[in-house]
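Participant: Below is the structure I would like to discuss, written out as structure tokens.
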Amino acid sequence: MDTRHLLVVCSALLSVVLAGKHDIYSGHSVYGVQVRNRDHQMLLHNLELTLDLDVWQHGIISEREALIRVAPENKAYFLQALDDEGVEYYVHLQDVAQALEEAEIERNSWRASGQNRMMFNDYPRYDEINEYMDMIASRYPDLVNVVTAGKSFDQRDIKYLKISTTNFEDSSKPIYMLTAMIHAREWVTTPTLLYSVFRLVENLRSQDRDLRDDIDWIIMPLLNPDGYEYSHETDRLWRKTRSYRPHINDTCWGVDGNRNYDSVNFAAIGASPDPCSDIYPGPEPFSEVETAYVRDVLLEHVDRIQIFMDVHSFGNYITYGYGDGTLPPNSAQLHLVSAVMGAAMDVNKLPEANFYRLGNSGLLMYFTAGCAQDYAQSIGGVPFSLTLELPSYGHRFEVPPQYISHINEETWEGIAASARVARTFYRAKATPPINPPVNPPVNPPVNPSNNN
Ligand SMILES: [Zn+2]
């Protein structure tokens, strides 16, 4: 059998294997909705709550459309509501199940072709990610420490890396803290942080030596391993954690990790009280161990963390707090750091991607509460807290692996540029005082004695 026939047989077999896996999304469509004003945004948010819509992308008024997944039983009501208000829309994806199946077949055949030589140029699984972190820590013991923050709800280890030429003992250095994959389906986020580790440790280039020497790094590439594995095995579009609280609801699992942080207006804006919703914030702040670990690391190093950045997918956005549209006192500097970062990524992007848009998350896109960006900004001590929404190159959550290495590179350029500009403020101590926390943390840090 020649190679071509072999490939045909293989993809036919794959189709058989995959048949049924994405059936829960059969007949679901994604609509592109033109958001022209705040009323349109409110209409979409109200429909999101009543019809349990799945918002793939929040639009920007009169500039970028919102992308909304709608179940077949809700389509008529949804489209009528848009028509009634004169909101324009189009069918962006006719059948979500079919699109997911095609993407998976394409991904598998790319993998079978052997082009993913480096694991961060593909979508590595939980075990591979942990292996990489353990390997790099054992190979570079003077530079890298691997730390287990604790267990996930389903008892998987949640690990992170500390990268420092001075074992985190030089208190004059700023810390850059990066987190990814609290939202399980946003697969391209973890590779970008693994690649950043690669660039800082295994593949340091001479022009980046200052970043390794002058800055300490905390990198948490996989915050929600339960959701991530579930999105590979069972439900490609799973977003939440996998916690289970039958006394609250015995048919729905999980909490939206990026609504679960302690903040003003927790659960009151940009969230749903329905435990089955994709934006359910949980019964209380930090109900999820996965977000509590991030809180503990933030509080342990709060005096030195200069930038905290939580990486998401998708849309080419950089946002800062607060989610209710109010601004911290250093908003000019926050905007500058975001702009330097966005510009560095824009000059490295492929032509077909959007330019980065940046600003306050509430004013630019939609109001929220309880997200990591707001919590880190509010604790006092972290001047620059950002959310990064990576590019999808038009493929939404299903970024073809062929694009990953480019996204890794351009994101690294952004991280490097933001690290350098933030460092100048750290040296000059030119950051104005940050608002004190409005709400005290619900739970004290696990080990308060570490919080110097
Ligand atoms: Zn996200």
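Residues are named by chain letter and number: chains run A, B, ... in the order of the structure tokens, numbers start at 1 in each chain, and ligands are numbered from 1 in the order shown.
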Please report as a tab-separated table every residue of range 81-128 of chain A lying within 9 Å of range 67-76 of chain A, along with the nearest atom pair and their distance in Å (one decimal), using only C-alpha atoms.
Facilitator:
```
residue	atom	partner	partner_atom	distance
A:Ala81	CA	A:Ala76	CA	8.6
A:His92	CA	A:Leu67	CA	7.7
A:Leu93	CA	A:Arg69	CA	8.7
A:Val96	CA	A:Arg69	CA	8.3
```
Participant: Please write out the residues within 6 Å of ligand 1 as a list in words, counting only C-alpha atoms and all ligand atoms.
Facilitator: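 For ligand 1, the residues inside 6 Å are His183, His312 and Ser313 of chain A.
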Participant: Can you write out the residues you just picked, keeping N, CA and C atoms, as a CSV table (one decimal), in the first residue's frame?
Facilitator:
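Written output follows (result-v2.csv):
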```csv
chain,number,residue,atom,x,y,z
A,183,HIS,N,-9.3,28.2,31.9
A,183,HIS,CA,-10.4,27.8,31.0
A,183,HIS,C,-9.9,26.6,30.1
A,312,HIS,N,-5.3,33.7,28.2
A,312,HIS,CA,-6.6,33.1,27.7
A,312,HIS,C,-6.5,33.1,26.2
A,313,SER,N,-7.6,32.4,25.6
A,313,SER,CA,-7.7,32.4,24.2
A,313,SER,C,-9.2,32.5,23.9
```
Participant: I need the residue nearest Gln402 in chain A from this list: A:His45, A:Arg205, A:His232, A:Arg107. Use only C-alpha atoms for the distance.
Facilitator: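 Using only C-alpha atoms, Gln402 in chain A sits closest to A:Arg107.
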Participant: Just the residues within 12 Å of Ala419 in chain A, please, counting only C-alpha atoms, with nothing from its chain fewer than 2 positions along; format it as JSON, numbers by chain.
Facilitator: {"A": [173, 174, 175, 176, 177, 178, 208, 210, 211, 212, 214, 215, 216, 217, 305, 306, 307, 308, 309, 337, 338, 340, 341, 344, 384, 412, 413, 414, 415, 416, 417, 421, 422, 423, 424, 425, 426]}
Participant: Store the residues picked out above in a file with N, CA, C and O atoms, as a compact mmCIF listing (two decimals), in the first residue's frame.
Facilitator:
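Saved as again36.txt:
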```
# COMPACT_ATOMS: atom_id res chain seq x y z
N LYS A 173 15.07 42.02 42.83
CA LYS A 173 14.58 41.69 41.48
C LYS A 173 13.05 41.68 41.45
O LYS A 173 12.41 41.18 42.37
N PRO A 174 12.47 42.17 40.37
CA PRO A 174 11.03 42.00 40.18
C PRO A 174 10.71 40.56 39.76
O PRO A 174 11.57 39.83 39.26
N ILE A 175 9.47 40.18 39.98
CA ILE A 175 8.98 38.85 39.55
C ILE A 175 7.93 39.06 38.46
O ILE A 175 7.07 39.94 38.58
N TYR A 176 8.02 38.22 37.44
CA TYR A 176 6.98 38.17 36.40
C TYR A 176 6.25 36.85 36.60
O TYR A 176 6.85 35.79 36.52
N MET A 177 4.95 36.93 36.91
CA MET A 177 4.15 35.72 37.15
C MET A 177 3.16 35.51 36.02
O MET A 177 2.39 36.40 35.67
N LEU A 178 3.20 34.31 35.45
CA LEU A 178 2.34 33.97 34.31
C LEU A 178 1.50 32.74 34.64
O LEU A 178 2.01 31.76 35.19
N ASP A 208 18.33 38.19 25.15
CA ASP A 208 17.36 38.01 26.24
C ASP A 208 18.03 37.72 27.59
O ASP A 208 17.34 37.42 28.57
N ASP A 210 19.27 39.57 29.77
CA ASP A 210 18.81 40.46 30.85
C ASP A 210 17.52 39.95 31.49
O ASP A 210 17.30 40.12 32.70
N LEU A 211 16.67 39.32 30.67
CA LEU A 211 15.39 38.86 31.21
C LEU A 211 15.60 37.74 32.23
O LEU A 211 14.88 37.64 33.22
N ARG A 212 16.60 36.90 31.97
CA ARG A 212 16.87 35.82 32.91
C ARG A 212 17.66 36.31 34.12
O ARG A 212 17.42 35.86 35.23
N ASP A 214 17.93 39.51 35.39
CA ASP A 214 17.40 40.63 36.19
C ASP A 214 15.99 40.39 36.73
O ASP A 214 15.47 41.22 37.48
N ILE A 215 15.35 39.32 36.29
CA ILE A 215 13.95 39.09 36.66
C ILE A 215 13.81 37.65 37.15
O ILE A 215 14.44 36.74 36.60
N ASP A 216 13.00 37.44 38.19
CA ASP A 216 12.61 36.09 38.59
C ASP A 216 11.25 35.77 37.97
O ASP A 216 10.40 36.66 37.84
N TRP A 217 11.04 34.51 37.63
CA TRP A 217 9.83 34.12 36.89
C TRP A 217 9.07 33.03 37.64
O TRP A 217 9.67 32.08 38.14
N ILE A 305 6.12 40.91 42.93
CA ILE A 305 5.52 40.63 41.61
C ILE A 305 5.23 41.96 40.90
O ILE A 305 4.42 42.75 41.38
N GLN A 306 5.93 42.17 39.81
CA GLN A 306 5.77 43.41 39.06
C GLN A 306 4.69 43.27 38.00
O GLN A 306 3.91 44.18 37.77
N ILE A 307 4.65 42.10 37.36
CA ILE A 307 3.57 41.82 36.41
C ILE A 307 2.96 40.46 36.76
O ILE A 307 3.67 39.49 37.02
N PHE A 308 1.65 40.44 36.75
CA PHE A 308 0.90 39.18 36.78
C PHE A 308 0.11 39.13 35.48
O PHE A 308 -0.59 40.10 35.15
N MET A 309 0.23 38.04 34.74
CA MET A 309 -0.55 37.95 33.50
C MET A 309 -1.20 36.58 33.38
O MET A 309 -0.54 35.55 33.47
N VAL A 337 2.22 49.67 29.54
CA VAL A 337 2.78 48.31 29.52
C VAL A 337 2.00 47.44 28.53
O VAL A 337 2.59 46.69 27.73
N SER A 338 0.66 47.56 28.55
CA SER A 338 -0.16 46.80 27.61
C SER A 338 0.16 47.17 26.16
O SER A 338 0.23 46.31 25.27
N VAL A 340 2.95 48.54 24.92
CA VAL A 340 4.28 48.06 24.50
C VAL A 340 4.21 46.58 24.15
O VAL A 340 4.76 46.12 23.15
N MET A 341 3.48 45.85 24.98
CA MET A 341 3.34 44.43 24.73
C MET A 341 2.57 44.16 23.44
O MET A 341 2.99 43.35 22.59
N ALA A 344 4.58 44.95 20.34
CA ALA A 344 5.62 43.95 20.07
C ALA A 344 5.01 42.71 19.40
O ALA A 344 5.62 42.11 18.52
N PHE A 384 1.08 45.72 37.83
CA PHE A 384 0.59 45.46 36.48
C PHE A 384 -0.06 44.09 36.41
O PHE A 384 0.63 43.07 36.36
N TRP A 412 5.93 35.37 23.01
CA TRP A 412 7.19 35.56 23.75
C TRP A 412 7.74 36.97 23.54
O TRP A 412 8.21 37.62 24.47
N GLU A 413 7.66 37.46 22.31
CA GLU A 413 8.13 38.83 22.05
C GLU A 413 7.35 39.84 22.89
O GLU A 413 7.92 40.82 23.39
N GLY A 414 6.05 39.61 23.04
CA GLY A 414 5.23 40.49 23.86
C GLY A 414 5.59 40.40 25.33
O GLY A 414 5.69 41.42 26.04
N ILE A 415 5.79 39.18 25.80
CA ILE A 415 6.17 38.99 27.21
C ILE A 415 7.51 39.68 27.48
O ILE A 415 7.68 40.39 28.48
N ALA A 416 8.45 39.48 26.57
CA ALA A 416 9.78 40.07 26.76
C ALA A 416 9.69 41.61 26.80
O ALA A 416 10.29 42.26 27.66
N ALA A 417 8.93 42.17 25.87
CA ALA A 417 8.82 43.63 25.82
C ALA A 417 8.14 44.19 27.07
O ALA A 417 8.56 45.21 27.64
N VAL A 421 9.73 46.89 29.97
CA VAL A 421 9.16 48.20 30.31
C VAL A 421 8.69 48.21 31.76
O VAL A 421 8.87 49.21 32.48
N ALA A 422 8.14 47.10 32.24
CA ALA A 422 7.70 47.06 33.64
C ALA A 422 8.89 47.15 34.58
O ALA A 422 8.82 47.76 35.64
N ARG A 423 10.02 46.57 34.16
CA ARG A 423 11.21 46.60 35.00
C ARG A 423 11.72 48.02 35.21
O ARG A 423 12.22 48.36 36.28
N THR A 424 11.57 48.87 34.21
CA THR A 424 12.04 50.25 34.38
C THR A 424 11.24 50.95 35.48
O THR A 424 11.80 51.73 36.25
N PHE A 425 9.96 50.64 35.59
CA PHE A 425 9.16 51.22 36.67
C PHE A 425 9.59 50.65 38.01
O PHE A 425 9.58 51.34 39.03
N TYR A 426 9.95 49.37 38.01
CA TYR A 426 10.36 48.73 39.26
C TYR A 426 11.64 49.38 39.78
O TYR A 426 11.76 49.69 40.95
```
Participant: One decimal, Å: what's the distance from CA of Gly257 in chain A over to CA of Ala376 in chain A, could you say?
Facilitator: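 Between CA of Gly257 in chain A and CA of Ala376 in chain A the gap works out to 14.2 Å.
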Participant: Find the residues near range 29-42 of chain A: any atom within 10 Å, counting only C-alpha atoms, skip ones fewer than 3 places away on the same chain, and give them as a PyMOL selection string.
Facilitator: chain A and resi 25-26+45-48+54-72+75+79+82+85-97+365-367
Participant: Pull the strand (DSSP E) assignments for range 145-296 of chain A out of DSSP run on the backbone, and list those residues as a PyMOL selection string.
Facilitator: chain A and resi 145-151+157-163+175-180+216-220
Participant: For those residues, write N, CA, C and O atoms to a file as a compact mmCIF listing (two decimals), in the first residue's frame.
Facilitator:
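Generated file (part-v9.txt):
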```
# COMPACT_ATOMS: atom_id res chain seq x y z
N ASN A 145 13.21 25.58 39.63
CA ASN A 145 12.58 24.77 40.67
C ASN A 145 11.18 24.40 40.22
O ASN A 145 10.43 25.29 39.78
N VAL A 146 10.80 23.14 40.35
CA VAL A 146 9.41 22.78 40.09
C VAL A 146 8.73 22.62 41.44
O VAL A 146 9.25 21.99 42.36
N VAL A 147 7.57 23.26 41.56
CA VAL A 147 6.83 23.26 42.83
C VAL A 147 5.45 22.68 42.57
O VAL A 147 4.81 23.00 41.56
N THR A 148 5.00 21.82 43.47
CA THR A 148 3.61 21.34 43.37
C THR A 148 2.76 22.18 44.30
O THR A 148 2.92 22.15 45.52
N ALA A 149 1.85 22.95 43.69
CA ALA A 149 1.00 23.84 44.50
C ALA A 149 0.02 23.03 45.33
O ALA A 149 -0.36 23.43 46.43
N GLY A 150 -0.39 21.88 44.80
CA GLY A 150 -1.35 21.03 45.49
C GLY A 150 -2.09 20.18 44.47
O GLY A 150 -1.70 20.13 43.30
N LYS A 151 -3.15 19.54 44.91
CA LYS A 151 -3.93 18.67 44.03
C LYS A 151 -5.14 19.42 43.48
O LYS A 151 -5.75 20.24 44.18
N ASP A 157 -1.83 16.63 40.22
CA ASP A 157 -0.88 17.64 40.69
C ASP A 157 -0.98 18.90 39.85
O ASP A 157 -1.04 18.83 38.62
N ILE A 158 -0.98 20.05 40.52
CA ILE A 158 -0.89 21.33 39.81
C ILE A 158 0.49 21.90 40.11
O ILE A 158 0.80 22.26 41.24
N LYS A 159 1.33 21.92 39.08
CA LYS A 159 2.73 22.30 39.27
C LYS A 159 3.02 23.67 38.67
O LYS A 159 2.32 24.11 37.76
N TYR A 160 4.08 24.29 39.18
CA TYR A 160 4.56 25.50 38.53
C TYR A 160 6.07 25.56 38.62
O TYR A 160 6.70 24.82 39.40
N LEU A 161 6.65 26.41 37.80
CA LEU A 161 8.10 26.55 37.76
C LEU A 161 8.52 27.90 38.30
O LEU A 161 7.86 28.92 38.04
N LYS A 162 9.60 27.88 39.07
CA LYS A 162 10.24 29.13 39.52
C LYS A 162 11.60 29.18 38.83
O LYS A 162 12.41 28.26 38.99
N ILE A 163 11.83 30.24 38.06
CA ILE A 163 13.06 30.37 37.29
C ILE A 163 13.81 31.58 37.82
O ILE A 163 13.27 32.70 37.84
N ILE A 175 9.47 40.18 39.98
CA ILE A 175 8.98 38.85 39.55
C ILE A 175 7.93 39.06 38.46
O ILE A 175 7.07 39.94 38.58
N TYR A 176 8.02 38.22 37.44
CA TYR A 176 6.98 38.17 36.40
C TYR A 176 6.25 36.85 36.60
O TYR A 176 6.85 35.79 36.52
N MET A 177 4.95 36.93 36.91
CA MET A 177 4.15 35.72 37.15
C MET A 177 3.16 35.51 36.02
O MET A 177 2.39 36.40 35.67
N LEU A 178 3.20 34.31 35.45
CA LEU A 178 2.34 33.97 34.31
C LEU A 178 1.50 32.74 34.64
O LEU A 178 2.01 31.76 35.19
N THR A 179 0.21 32.81 34.31
CA THR A 179 -0.68 31.66 34.52
C THR A 179 -1.46 31.39 33.23
O THR A 179 -1.71 32.31 32.44
N ALA A 180 -1.85 30.13 33.04
CA ALA A 180 -2.63 29.79 31.84
C ALA A 180 -3.53 28.59 32.13
O ALA A 180 -3.32 27.84 33.08
N ASP A 216 13.00 37.44 38.19
CA ASP A 216 12.61 36.09 38.59
C ASP A 216 11.25 35.77 37.97
O ASP A 216 10.40 36.66 37.84
N TRP A 217 11.04 34.51 37.63
CA TRP A 217 9.83 34.12 36.89
C TRP A 217 9.07 33.03 37.64
O TRP A 217 9.67 32.08 38.14
N ILE A 218 7.76 33.19 37.68
CA ILE A 218 6.87 32.13 38.18
C ILE A 218 5.92 31.79 37.03
O ILE A 218 5.20 32.68 36.55
N ILE A 219 5.96 30.54 36.60
CA ILE A 219 5.16 30.16 35.43
C ILE A 219 4.29 28.95 35.77
O ILE A 219 4.79 27.89 36.10
N MET A 220 2.97 29.18 35.73
CA MET A 220 1.98 28.13 36.02
C MET A 220 1.22 27.83 34.72
O MET A 220 0.24 28.51 34.40
```
Participant: Pick from A:Val264, A:Leu334, A:Val311, A:Ala292: nearest to Glu186 in chain A, with only C-alpha atoms counted?
Facilitator: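 Counting only C-alpha atoms, the residue closest to Glu186 in chain A is A:Val311.
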Participant: Range 246-250 of chain A: which residues within 9 Å, counting only C-alpha atoms, same-chain residues fewer than 4 positions away excluded, as a ChimeraX atom specification?
Facilitator: /A:275-276,283
Participant: How would the residues just picked look written out with all heavy atoms as a CSV table (one decimal), in the first residue's frame?
Facilitator:
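What landed in out_15.csv:
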```csv
chain,number,residue,atom,x,y,z
A,275,PRO,N,-25.7,26.8,38.5
A,275,PRO,CA,-24.4,25.9,38.5
A,275,PRO,C,-24.2,25.2,37.2
A,275,PRO,O,-23.1,24.7,37.0
A,275,PRO,CB,-24.8,24.9,39.6
A,275,PRO,CG,-25.8,25.6,40.5
A,275,PRO,CD,-26.6,26.4,39.5
A,276,CYS,N,-25.2,25.2,36.3
A,276,CYS,CA,-24.9,24.5,35.0
A,276,CYS,C,-24.4,25.5,34.0
A,276,CYS,O,-23.9,25.1,32.9
A,276,CYS,CB,-26.2,24.0,34.5
A,276,CYS,SG,-26.9,22.7,35.6
A,283,PRO,N,-19.9,28.7,44.7
A,283,PRO,CA,-20.7,29.1,45.8
A,283,PRO,C,-20.1,30.3,46.6
A,283,PRO,O,-20.8,31.0,47.3
A,283,PRO,CB,-20.7,27.8,46.7
A,283,PRO,CG,-19.6,27.0,46.2
A,283,PRO,CD,-19.4,27.4,44.7
```
Participant: Arg396 in chain A: which residues within 8 Å, counting only C-alpha atoms, same-chain residues fewer than 3 positions away excluded, as a PDB file with C-alpha atoms, in the first residue's frame?
Facilitator:
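Okay, around16.pdb is ready:
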```pdb
ATOM      1  CA  TRP A  56     -16.970  32.417  22.378  1.00  0.00           C
ATOM      2  CA  PHE A 314      -8.908  34.012  21.928  1.00  0.00           C
ATOM      3  CA  SER A 392      -6.733  32.212  17.000  1.00  0.00           C
ATOM      4  CA  TYR A 393      -5.947  33.065  13.380  1.00  0.00           C
ATOM      5  CA  VAL A 399      -6.159  26.721  16.431  1.00  0.00           C
TER       6      VAL A 399
END
```
Participant: So which residues touch range 119-126 of chain A within 7 Å, counting only C-alpha atoms, skipping near sequence neighbours fewer than 2 positions away, as JSON, numbers by chain?
Facilitator: {"A": [116, 117, 128, 129, 130, 187, 191, 194, 195, 225, 229, 401, 404, 405]}
Participant: Just write the chosen residues, C-alpha atoms, as a PDB file, in the first residue's frame.
Facilitator:
```pdb
ATOM      1  CA  ASN A 116       5.424  18.305  16.244  1.00  0.00           C
ATOM      2  CA  ARG A 117       9.020  17.675  17.241  1.00  0.00           C
ATOM      3  CA  GLU A 128       3.560  15.358  29.044  1.00  0.00           C
ATOM      4  CA  ILE A 129       3.344  18.852  30.516  1.00  0.00           C
ATOM      5  CA  ASN A 130       4.320  17.632  33.968  1.00  0.00           C
ATOM      6  CA  TRP A 187      -5.735  24.895  24.440  1.00  0.00           C
ATOM      7  CA  PRO A 191       2.049  25.942  24.789  1.00  0.00           C
ATOM      8  CA  LEU A 194       5.927  26.193  27.954  1.00  0.00           C
ATOM      9  CA  TYR A 195       7.660  27.931  25.074  1.00  0.00           C
ATOM     10  CA  PRO A 225      -5.750  20.012  34.565  1.00  0.00           C
ATOM     11  CA  GLU A 229      -8.104  16.467  30.290  1.00  0.00           C
ATOM     12  CA  PRO A 401      -1.177  23.110  15.336  1.00  0.00           C
ATOM     13  CA  ILE A 404       1.210  27.224  17.418  1.00  0.00           C
ATOM     14  CA  SER A 405       4.908  27.844  16.899  1.00  0.00           C
TER      15      SER A 405
END
```
Participant: Identify which of the residues A:Glu410, A:Asn316, A:Glu389, A:Asp303 lies closest to Thr189 in chain A, counting only C-alpha atoms when measuring atom-to-atom distances.
Facilitator: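 Using only C-alpha atoms, Thr189 in chain A sits closest to A:Glu389.
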Participant: If I take CA of Gly323 in chain A and CA of Asp226 in chain A, how far is one from the other in Å, to one decimal?
Facilitator: 26.6 Å
Participant: Could you find all residues in range 266-339 of chain A that DSSP calls helix (DSSP H, G or I) from the backbone, and write them as a list of chain:residue names?
Facilitator: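 Of range 266-339 of chain A, only A:Val289, A:Glu290, A:Thr291, A:Ala292, A:Tyr293, A:Val294, A:Arg295, A:Asp296, A:Val297, A:Leu298, A:Leu299, A:Glu300, A:Ser331, A:Ala332, A:Gln333, A:Leu334, A:His335, A:Leu336, A:Val337, A:Ser338, A:Ala339 fall in helix (DSSP H, G or I).
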